[in-house]
$ cat model.csv   # CSV, N, CA and C atoms
chain,number,residue,atom,x,y,z
A,918,MET,N,12.8,3.5,0.5
A,918,MET,CA,11.5,3.4,-0.2
A,918,MET,C,11.6,4.1,-1.6
A,919,PRO,N,11.2,3.4,-2.6
A,919,PRO,CA,11.2,4.1,-3.9
A,919,PRO,C,10.2,5.2,-4.0
A,920,ARG,N,10.5,6.2,-4.7
A,920,ARG,CA,9.7,7.4,-4.9
A,920,ARG,C,9.4,7.6,-6.4
A,921,ILE,N,8.2,7.7,-6.8
A,921,ILE,CA,7.9,8.0,-8.2
A,921,ILE,C,7.8,9.5,-8.3
A,922,GLU,N,8.7,10.1,-9.2
A,922,GLU,CA,8.9,11.5,-9.2
A,922,GLU,C,8.2,12.2,-10.4
A,923,ASP,N,8.0,11.5,-11.5
A,923,ASP,CA,7.4,12.2,-12.6
A,923,ASP,C,6.9,11.1,-13.6
A,924,TYR,N,5.7,11.4,-14.3
A,924,TYR,CA,5.2,10.6,-15.3
A,924,TYR,C,4.7,11.4,-16.4
A,925,ARG,N,5.0,11.0,-17.6
A,925,ARG,CA,4.4,11.4,-18.9
A,925,ARG,C,4.4,10.3,-19.8
A,926,PHE,N,3.6,10.3,-20.9
A,926,PHE,CA,3.5,9.2,-21.8
A,926,PHE,C,4.9,8.6,-22.2
A,927,GLY,N,5.0,7.3,-21.9
A,927,GLY,CA,6.2,6.6,-22.2
A,927,GLY,C,7.4,6.9,-21.3
A,928,HIS,N,7.2,7.5,-20.2
A,928,HIS,CA,8.3,7.9,-19.3
A,928,HIS,C,7.9,8.1,-17.9
A,929,VAL,N,8.7,7.5,-17.0
A,929,VAL,CA,8.5,7.8,-15.6
A,929,VAL,C,9.8,7.9,-14.9
A,930,VAL,N,9.9,8.6,-13.8
A,930,VAL,CA,11.2,8.8,-13.1
A,930,VAL,C,10.9,8.2,-11.7
A,931,VAL,N,11.7,7.1,-11.4
A,931,VAL,CA,11.6,6.5,-10.1
A,931,VAL,C,13.0,6.6,-9.4
A,932,ASP,N,13.0,7.3,-8.2
A,932,ASP,CA,14.2,7.5,-7.5
A,932,ASP,C,15.3,8.2,-8.4
A,933,GLY,N,14.9,9.1,-9.2
A,933,GLY,CA,15.9,9.8,-10.0
A,933,GLY,C,16.3,9.1,-11.2
A,934,LYS,N,15.8,7.9,-11.5
A,934,LYS,CA,16.2,7.1,-12.6
A,934,LYS,C,15.1,7.1,-13.6
A,935,GLU,N,15.4,7.5,-14.8
A,935,GLU,CA,14.4,7.5,-15.9
A,935,GLU,C,14.1,6.1,-16.3
A,936,GLN,N,12.8,5.7,-16.4
A,936,GLN,CA,12.3,4.5,-16.9
A,936,GLN,C,11.5,4.7,-18.2
A,937,ARG,N,11.8,4.0,-19.3
A,937,ARG,CA,11.1,4.2,-20.5
A,937,ARG,C,10.3,2.9,-20.9
A,938,ARG,N,10.3,1.9,-20.0
A,938,ARG,CA,9.5,0.7,-20.2
A,938,ARG,C,8.7,0.5,-19.0
A,939,ASP,N,7.6,-0.3,-19.1
A,939,ASP,CA,6.8,-0.5,-18.0
A,939,ASP,C,7.6,-1.0,-16.8
A,940,VAL,N,7.1,-0.7,-15.6
A,940,VAL,CA,7.9,-0.9,-14.4
A,940,VAL,C,7.0,-1.3,-13.2
A,941,ILE,N,7.6,-2.1,-12.3
A,941,ILE,CA,6.9,-2.4,-11.1
A,941,ILE,C,7.8,-1.8,-9.9
A,942,VAL,N,7.1,-1.0,-9.1
A,942,VAL,CA,7.8,-0.4,-8.0
A,942,VAL,C,7.3,-1.1,-6.7
A,943,LEU,N,8.2,-1.7,-6.0
A,943,LEU,CA,8.0,-2.5,-4.8
A,943,LEU,C,8.6,-1.7,-3.6
A,944,PRO,N,8.2,-2.0,-2.4
A,944,PRO,CA,8.8,-1.3,-1.3
A,944,PRO,C,10.3,-1.4,-1.2
A,945,ASP,N,10.9,-2.5,-1.6
A,945,ASP,CA,12.3,-2.7,-1.5
A,945,ASP,C,13.1,-2.7,-2.8
A,946,ARG,N,12.4,-2.6,-3.9
A,946,ARG,CA,13.2,-2.6,-5.2
A,946,ARG,C,12.3,-2.2,-6.3
A,947,VAL,N,12.9,-1.9,-7.5
A,947,VAL,CA,12.2,-1.5,-8.7
A,947,VAL,C,12.5,-2.6,-9.8
A,948,VAL,N,11.5,-3.0,-10.4
A,948,VAL,CA,11.6,-4.0,-11.5
A,948,VAL,C,11.5,-3.3,-12.8
A,949,SER,N,12.6,-3.0,-13.5
A,949,SER,CA,12.5,-2.3,-14.8
A,949,SER,C,12.1,-3.3,-15.9
A,950,ASP,N,11.7,-2.7,-17.0
A,950,ASP,CA,11.4,-3.5,-18.2
A,950,ASP,C,10.3,-4.6,-17.9
A,951,TRP,N,9.3,-4.3,-17.1
A,951,TRP,CA,8.3,-5.2,-16.8
A,951,TRP,C,7.6,-5.6,-18.1
A,952,TRP,N,7.4,-6.9,-18.3
A,952,TRP,CA,6.9,-7.4,-19.6
A,952,TRP,C,5.7,-8.3,-19.3
A,953,ARG,N,4.6,-8.2,-20.0
A,953,ARG,CA,3.4,-9.1,-19.9
A,953,ARG,C,3.3,-9.9,-21.2
A,954,ALA,N,2.8,-11.1,-21.0
A,954,ALA,CA,2.7,-12.1,-22.1
A,954,ALA,C,1.8,-11.5,-23.2
A,955,GLU,N,0.7,-10.8,-22.8
A,955,GLU,CA,-0.1,-10.2,-23.8
A,955,GLU,C,-0.2,-8.7,-23.4
A,956,GLY,N,0.4,-7.9,-24.3
A,956,GLY,CA,0.7,-6.5,-24.0
A,956,GLY,C,-0.3,-5.7,-23.2
A,957,HIS,N,-1.6,-5.8,-23.5
A,957,HIS,CA,-2.6,-4.9,-22.9
A,957,HIS,C,-3.5,-5.7,-21.9
A,958,ARG,N,-3.0,-6.9,-21.5
A,958,ARG,CA,-3.7,-7.7,-20.5
A,958,ARG,C,-2.8,-7.9,-19.4
A,959,LEU,N,-3.4,-7.9,-18.2
A,959,LEU,CA,-2.6,-8.2,-17.0
A,959,LEU,C,-3.1,-9.5,-16.4
A,960,ALA,N,-2.3,-10.6,-16.5
A,960,ALA,CA,-2.6,-11.9,-16.0
A,960,ALA,C,-1.8,-12.1,-14.7
A,961,LEU,N,-2.2,-13.0,-13.9
A,961,LEU,CA,-1.5,-13.2,-12.6
A,961,LEU,C,-0.1,-13.7,-13.0
A,962,ALA,N,0.1,-14.4,-14.0
A,962,ALA,CA,1.4,-14.9,-14.4
A,962,ALA,C,2.4,-13.8,-14.7
A,963,ASP,N,1.9,-12.6,-15.1
A,963,ASP,CA,2.7,-11.4,-15.4
A,963,ASP,C,3.3,-10.9,-14.1
A,964,LEU,N,2.8,-11.3,-13.0
A,964,LEU,CA,3.4,-10.8,-11.7
A,964,LEU,C,4.2,-11.9,-11.0
A,965,ASP,N,4.4,-13.0,-11.7
A,965,ASP,CA,5.1,-14.2,-11.0
A,965,ASP,C,6.4,-13.7,-10.3
A,966,GLU,N,7.2,-12.9,-10.9
A,966,GLU,CA,8.5,-12.5,-10.4
A,966,GLU,C,8.4,-11.7,-9.1
A,967,VAL,N,7.2,-11.1,-8.8
A,967,VAL,CA,7.1,-10.3,-7.6
A,967,VAL,C,5.9,-10.7,-6.7
A,968,ILE,N,5.2,-11.7,-7.1
A,968,ILE,CA,4.0,-12.0,-6.4
A,968,ILE,C,4.2,-12.2,-4.9
A,969,GLU,N,5.3,-12.8,-4.5
A,969,GLU,CA,5.6,-13.1,-3.1
A,969,GLU,C,6.0,-11.8,-2.3
A,970,GLU,N,6.4,-10.8,-3.1
A,970,GLU,CA,6.9,-9.5,-2.5
A,970,GLU,C,5.8,-8.4,-2.4
A,971,LEU,N,4.6,-8.7,-3.0
A,971,LEU,CA,3.6,-7.7,-3.0
A,971,LEU,C,3.1,-7.4,-1.6
A,972,PRO,N,3.1,-6.1,-1.3
A,972,PRO,CA,2.5,-5.7,0.0
A,972,PRO,C,1.0,-5.7,0.0
A,973,GLU,N,0.4,-5.1,0.9
A,973,GLU,CA,-1.1,-5.1,1.1
A,973,GLU,C,-1.8,-4.4,0.0
A,974,ARG,N,-1.2,-3.5,-0.7
A,974,ARG,CA,-1.8,-2.7,-1.8
A,974,ARG,C,-1.0,-2.7,-3.0
A,975,LEU,N,-1.7,-2.8,-4.2
A,975,LEU,CA,-1.1,-2.7,-5.5
A,975,LEU,C,-1.9,-1.7,-6.3
A,976,VAL,N,-1.2,-0.7,-6.8
A,976,VAL,CA,-1.8,0.3,-7.7
A,976,VAL,C,-1.4,0.0,-9.1
A,977,VAL,N,-2.3,-0.3,-9.9
A,977,VAL,CA,-2.0,-0.6,-11.3
A,977,VAL,C,-2.3,0.6,-12.2
A,978,GLY,N,-1.3,1.0,-12.9
A,978,GLY,CA,-1.4,2.1,-13.9
A,978,GLY,C,-1.7,1.5,-15.2
A,979,THR,N,-2.9,1.8,-15.7
A,979,THR,CA,-3.4,1.1,-16.9
A,979,THR,C,-3.0,1.8,-18.2
A,980,GLY,N,-2.1,2.8,-18.2
A,980,GLY,CA,-1.7,3.5,-19.4
A,980,GLY,C,-2.3,4.9,-19.4
A,981,ALA,N,-1.8,5.7,-20.3
A,981,ALA,CA,-2.3,7.0,-20.5
A,981,ALA,C,-3.7,7.0,-20.9
A,982,TYR,N,-4.1,6.0,-21.7
A,982,TYR,CA,-5.5,6.0,-22.2
A,982,TYR,C,-6.3,4.8,-21.6
A,983,GLY,N,-5.7,4.2,-20.5
A,983,GLY,CA,-6.4,3.1,-19.9
A,983,GLY,C,-6.5,1.8,-20.7
A,984,GLN,N,-5.6,1.5,-21.5
A,984,GLN,CA,-5.7,0.4,-22.4
A,984,GLN,C,-5.3,-1.0,-21.7
A,985,LEU,N,-4.5,-0.9,-20.7
A,985,LEU,CA,-4.2,-2.2,-20.0
A,985,LEU,C,-5.4,-2.7,-19.2
A,986,ARG,N,-5.8,-3.9,-19.4
A,986,ARG,CA,-6.9,-4.5,-18.7
A,986,ARG,C,-6.5,-5.7,-17.8
A,987,PRO,N,-6.6,-5.5,-16.5
A,987,PRO,CA,-6.3,-6.7,-15.6
A,987,PRO,C,-7.4,-7.7,-15.8
A,988,GLU,N,-7.0,-9.0,-15.9
A,988,GLU,CA,-8.0,-10.1,-16.0
A,988,GLU,C,-8.7,-10.2,-14.6
A,989,PRO,N,-10.0,-10.4,-14.7
A,989,PRO,CA,-10.8,-10.5,-13.4
A,989,PRO,C,-10.2,-11.6,-12.5
A,990,GLU,N,-9.8,-12.7,-13.1
A,990,GLU,CA,-9.2,-13.8,-12.3
A,990,GLU,C,-7.9,-13.4,-11.6
A,991,ALA,N,-7.1,-12.6,-12.2
A,991,ALA,CA,-5.9,-12.0,-11.5
A,991,ALA,C,-6.3,-11.2,-10.4
A,992,LEU,N,-7.3,-10.3,-10.6
A,992,LEU,CA,-7.7,-9.4,-9.5
A,992,LEU,C,-8.3,-10.2,-8.3
A,993,HIS,N,-9.1,-11.2,-8.7
A,993,HIS,CA,-9.6,-12.1,-7.6
A,993,HIS,C,-8.6,-12.8,-6.8
A,994,GLU,N,-7.6,-13.3,-7.5
A,994,GLU,CA,-6.5,-14.1,-6.8
A,994,GLU,C,-5.7,-13.1,-6.0
A,995,LEU,N,-5.4,-12.0,-6.5
A,995,LEU,CA,-4.6,-11.0,-5.6
A,995,LEU,C,-5.4,-10.6,-4.4
A,996,ARG,N,-6.6,-10.4,-4.5
A,996,ARG,CA,-7.5,-10.0,-3.4
A,996,ARG,C,-7.6,-11.2,-2.4
A,997,ARG,N,-7.6,-12.4,-2.9
A,997,ARG,CA,-7.7,-13.6,-2.1
A,997,ARG,C,-6.4,-13.7,-1.3
A,998,ARG,N,-5.3,-13.3,-1.9
A,998,ARG,CA,-4.0,-13.3,-1.2
A,998,ARG,C,-3.8,-12.1,-0.2
A,999,GLY,N,-4.8,-11.2,-0.1
A,999,GLY,CA,-4.8,-10.1,0.8
A,999,GLY,C,-4.2,-8.8,0.2
A,1000,VAL,N,-4.1,-8.8,-1.1
A,1000,VAL,CA,-3.6,-7.6,-1.8
A,1000,VAL,C,-4.8,-6.8,-2.3
A,1001,GLU,N,-4.9,-5.6,-1.8
A,1001,GLU,CA,-6.0,-4.7,-2.3
A,1001,GLU,C,-5.5,-4.1,-3.6
A,1002,VAL,N,-6.3,-4.1,-4.7
A,1002,VAL,CA,-5.8,-3.6,-6.0
A,1002,VAL,C,-6.7,-2.4,-6.4
A,1003,GLU,N,-6.0,-1.4,-6.9
A,1003,GLU,CA,-6.6,-0.2,-7.5
A,1003,GLU,C,-6.1,-0.1,-8.9
A,1004,THR,N,-7.0,0.1,-9.9
A,1004,THR,CA,-6.6,0.3,-11.2
A,1004,THR,C,-7.0,1.6,-11.7
A,1005,LEU,N,-6.1,2.4,-12.2
A,1005,LEU,CA,-6.3,3.8,-12.6
A,1005,LEU,C,-5.5,4.1,-13.8
A,1006,PRO,N,-5.8,5.0,-14.7
A,1006,PRO,CA,-4.9,5.5,-15.7
A,1006,PRO,C,-3.6,5.9,-15.0
A,1007,THR,N,-2.5,5.7,-15.7
A,1007,THR,CA,-1.2,5.8,-15.1
A,1007,THR,C,-0.9,7.1,-14.4
A,1008,ASP,N,-1.3,8.2,-15.0
A,1008,ASP,CA,-1.1,9.5,-14.4
A,1008,ASP,C,-1.8,9.6,-13.0
A,1009,LYS,N,-3.0,9.1,-12.9
A,1009,LYS,CA,-3.7,9.0,-11.7
A,1009,LYS,C,-3.2,8.0,-10.7
A,1010,ALA,N,-2.7,6.9,-11.3
A,1010,ALA,CA,-2.0,5.8,-10.4
A,1010,ALA,C,-0.8,6.4,-9.7
A,1011,VAL,N,0.0,7.2,-10.5
A,1011,VAL,CA,1.2,7.8,-9.9
A,1011,VAL,C,0.8,8.7,-8.8
A,1012,GLY,N,-0.2,9.5,-9.0
A,1012,GLY,CA,-0.7,10.4,-8.0
A,1012,GLY,C,-1.2,9.7,-6.8
A,1013,ARG,N,-2.0,8.6,-7.0
A,1013,ARG,CA,-2.5,7.8,-5.9
A,1013,ARG,C,-1.4,7.1,-5.1
A,1014,TYR,N,-0.4,6.6,-5.8
A,1014,TYR,CA,0.8,6.0,-5.1
A,1014,TYR,C,1.4,7.0,-4.2
A,1015,SER,N,1.6,8.2,-4.6
A,1015,SER,CA,2.2,9.2,-3.8
A,1015,SER,C,1.4,9.6,-2.5
A,1016,GLU,N,0.2,9.3,-2.5
A,1016,GLU,CA,-0.7,9.5,-1.3
A,1016,GLU,C,-0.6,8.4,-0.3
A,1017,LEU,N,-0.1,7.2,-0.7
A,1017,LEU,CA,-0.1,6.0,0.1
A,1017,LEU,C,1.3,5.8,0.8
A,1018,ASP,N,1.3,4.9,1.8
A,1018,ASP,CA,2.5,4.5,2.4
A,1018,ASP,C,3.4,3.6,1.5
A,1019,PRO,N,4.5,4.0,1.1
A,1019,PRO,CA,5.3,3.2,0.1
A,1019,PRO,C,5.8,1.9,0.8
A,1020,ARG,N,5.8,1.8,2.1
A,1020,ARG,CA,6.2,0.6,2.7
A,1020,ARG,C,5.1,-0.5,2.6
A,1021,ARG,N,3.9,-0.1,2.3
A,1021,ARG,CA,2.8,-1.0,2.2
A,1021,ARG,C,2.1,-1.0,0.9
A,1022,THR,N,2.8,-0.4,-0.1
A,1022,THR,CA,2.2,-0.2,-1.5
A,1022,THR,C,3.2,-0.5,-2.6
A,1023,ALA,N,2.7,-1.2,-3.6
A,1023,ALA,CA,3.4,-1.4,-4.8
A,1023,ALA,C,2.7,-0.7,-6.0
A,1024,ALA,N,3.4,-0.5,-7.1
A,1024,ALA,CA,2.8,0.1,-8.3
A,1024,ALA,C,3.3,-0.7,-9.5
A,1025,ALA,N,2.4,-1.1,-10.3
A,1025,ALA,CA,2.7,-1.7,-11.6
A,1025,ALA,C,2.2,-0.8,-12.7
A,1026,LEU,N,3.1,-0.2,-13.4
A,1026,LEU,CA,2.8,0.9,-14.3
A,1026,LEU,C,3.0,0.6,-15.8
A,1027,HIS,N,2.0,0.7,-16.6
A,1027,HIS,CA,2.0,0.7,-18.0
A,1027,HIS,C,2.3,2.1,-18.5
A,1028,LEU,N,3.3,2.4,-19.2
A,1028,LEU,CA,3.7,3.8,-19.4
A,1028,LEU,C,3.2,4.4,-20.7
A,1029,THR,N,2.7,3.6,-21.6
A,1029,THR,CA,2.2,4.1,-22.9
A,1029,THR,C,0.7,4.1,-22.9
A,1030,CYS,N,0.1,3.5,-24.0
A,1030,CYS,CA,-1.3,3.6,-24.2
A,1030,CYS,C,-2.2,2.9,-23.2
$ encode --input "model.csv" --output "structure tokens"
Amino acid sequence: MPRIEDYRFGHVVVDGKEQRRDVIVLPDRVVSDWWRAEGHRLALADLDEVIEELPERLVVGTGAYGQLRPEPEALHELRRRGVEVETLPTDKAVGRYSELDPRRTAAALHLTC
């Protein structure tokens, strides 16, 4: 199970590996260099690569200042699929992820603003 070890603006350490771009942490793998079509919006299409792998909970890190905004339609569709979504500033999202079972939780983290 991946472990998120440290976060600060523009930087996160997952399983001892430094990540400097947005990242998705899944129970069985880490997706580095996560890219969204519109930088500060999270659409369902931005999760296409991992949508079938999402466990029952997704913690979304919205950035150091909370600038990433999930689209309501994306949140609705994820919940319809049985994925509970929590959106928090990234530092709080990292803390929340560490409180949860990593076998049943994913994190999508925006590392900057």
$ select_by_dssp --input "model.csv" --residues "chain A" --states "alpha helix (DSSP H)" --output "ChimeraX atom specification"
/A:989-997,1007-1016
$ select_by_dssp --input "model.csv" --residues "chain A" --states "strand (DSSP E)" --output "PyMOL selection string"
chain A and resi 921-925+928-931+934-936+940-942+947-948+958-959+974-978+986-987+1001-1005+1022-1026
$ closest_residue --input "model.csv" --among "A:Ser949, A:Gly956, A:Ala1025, A:Asp939" --to "Gly927 (chain A)" --atoms "all atoms listed in the file"
A:Asp939
$ closest_residue --input "model.csv" --among "A:Leu975, A:Glu970, A:His993, A:Val929" --to "Asp950 (chain A)" --atoms "only C-alpha atoms"
A:Val929
$ closest_residue --input "model.csv" --among "A:Arg920, A:Arg925, A:Arg996, A:Lys934" --to "Ala981 (chain A)" --atoms "all atoms listed in the file"
A:Arg925
$ closest_residue --input "model.csv" --among "A:Arg974, A:His1027, A:Arg986, A:His957" --to "Val940 (chain A)" --atoms "only C-alpha atoms"
A:His1027
$ atom_distance --input "model.csv" --atom1 "CA of Asp923 (chain A)" --atom2 "CA of Asp1018 (chain A)"
17.6 Å
$ residues_around --input "model.csv" --residues "Gln984 (chain A)" --least-positions-apart "2" --cutoff "8 Å" --atoms "all atoms listed in the file" --output "ChimeraX atom specification"
/A:956-959,978-982,986-987,1006-1007,1029-1030
$ atom_distance --input "model.csv" --atom1 "CA of Ile921 (chain A)" --atom2 "CA of Asp945 (chain A)"
13.4 Å
$ atom_distance --input "model.csv" --atom1 "CA of Pro972 (chain A)" --atom2 "CA of Phe926 (chain A)"
26.4 Å
$ closest_residue --input "model.csv" --among "A:Arg953, A:Arg946, A:Arg998, A:Lys1009" --to "Met918 (chain A)" --atoms "all atoms listed in the file"
A:Arg946
$ closest_residue --input "model.csv" --among "A:Leu1028, A:Ala1010, A:Val967, A:Val976" --to "Arg937 (chain A)" --atoms "only N, CA and C atoms"
A:Leu1028
$ residues_around --input "model.csv" --residues "Glu935 (chain A)" --least-positions-apart "4" --cutoff "10 Å" --atoms "only C-alpha atoms" --output "PyMOL selection string"
chain A and resi 922-924+928-931
$ residues_near_point --input "model.csv" --point "(13.1, 8.8, -4.7)" --cutoff "5 Å" --atoms "only N, CA and C atoms" --output "VMD selection string"
chain A and resid 919 to 920 932 to 933
$ write_last_selection --input "model.csv" --atoms "N, CA and C atoms" --output "PDB file, in the coordinates of the input"
ATOM      1  N   PRO A 919      11.200   3.400  -2.600  1.00  0.00           N
ATOM      2  CA  PRO A 919      11.200   4.100  -3.900  1.00  0.00           C
ATOM      3  C   PRO A 919      10.200   5.200  -4.000  1.00  0.00           C
ATOM      4  N   ARG A 920      10.500   6.200  -4.700  1.00  0.00           N
ATOM      5  CA  ARG A 920       9.700   7.400  -4.900  1.00  0.00           C
ATOM      6  C   ARG A 920       9.400   7.600  -6.400  1.00  0.00           C
ATOM      7  N   ASP A 932      13.000   7.300  -8.200  1.00  0.00           N
ATOM      8  CA  ASP A 932      14.200   7.500  -7.500  1.00  0.00           C
ATOM      9  C   ASP A 932      15.300   8.200  -8.400  1.00  0.00           C
ATOM     10  N   GLY A 933      14.900   9.100  -9.200  1.00  0.00           N
ATOM     11  CA  GLY A 933      15.900   9.800 -10.000  1.00  0.00           C
ATOM     12  C   GLY A 933      16.300   9.100 -11.200  1.00  0.00           C
TER      13      GLY A 933
END
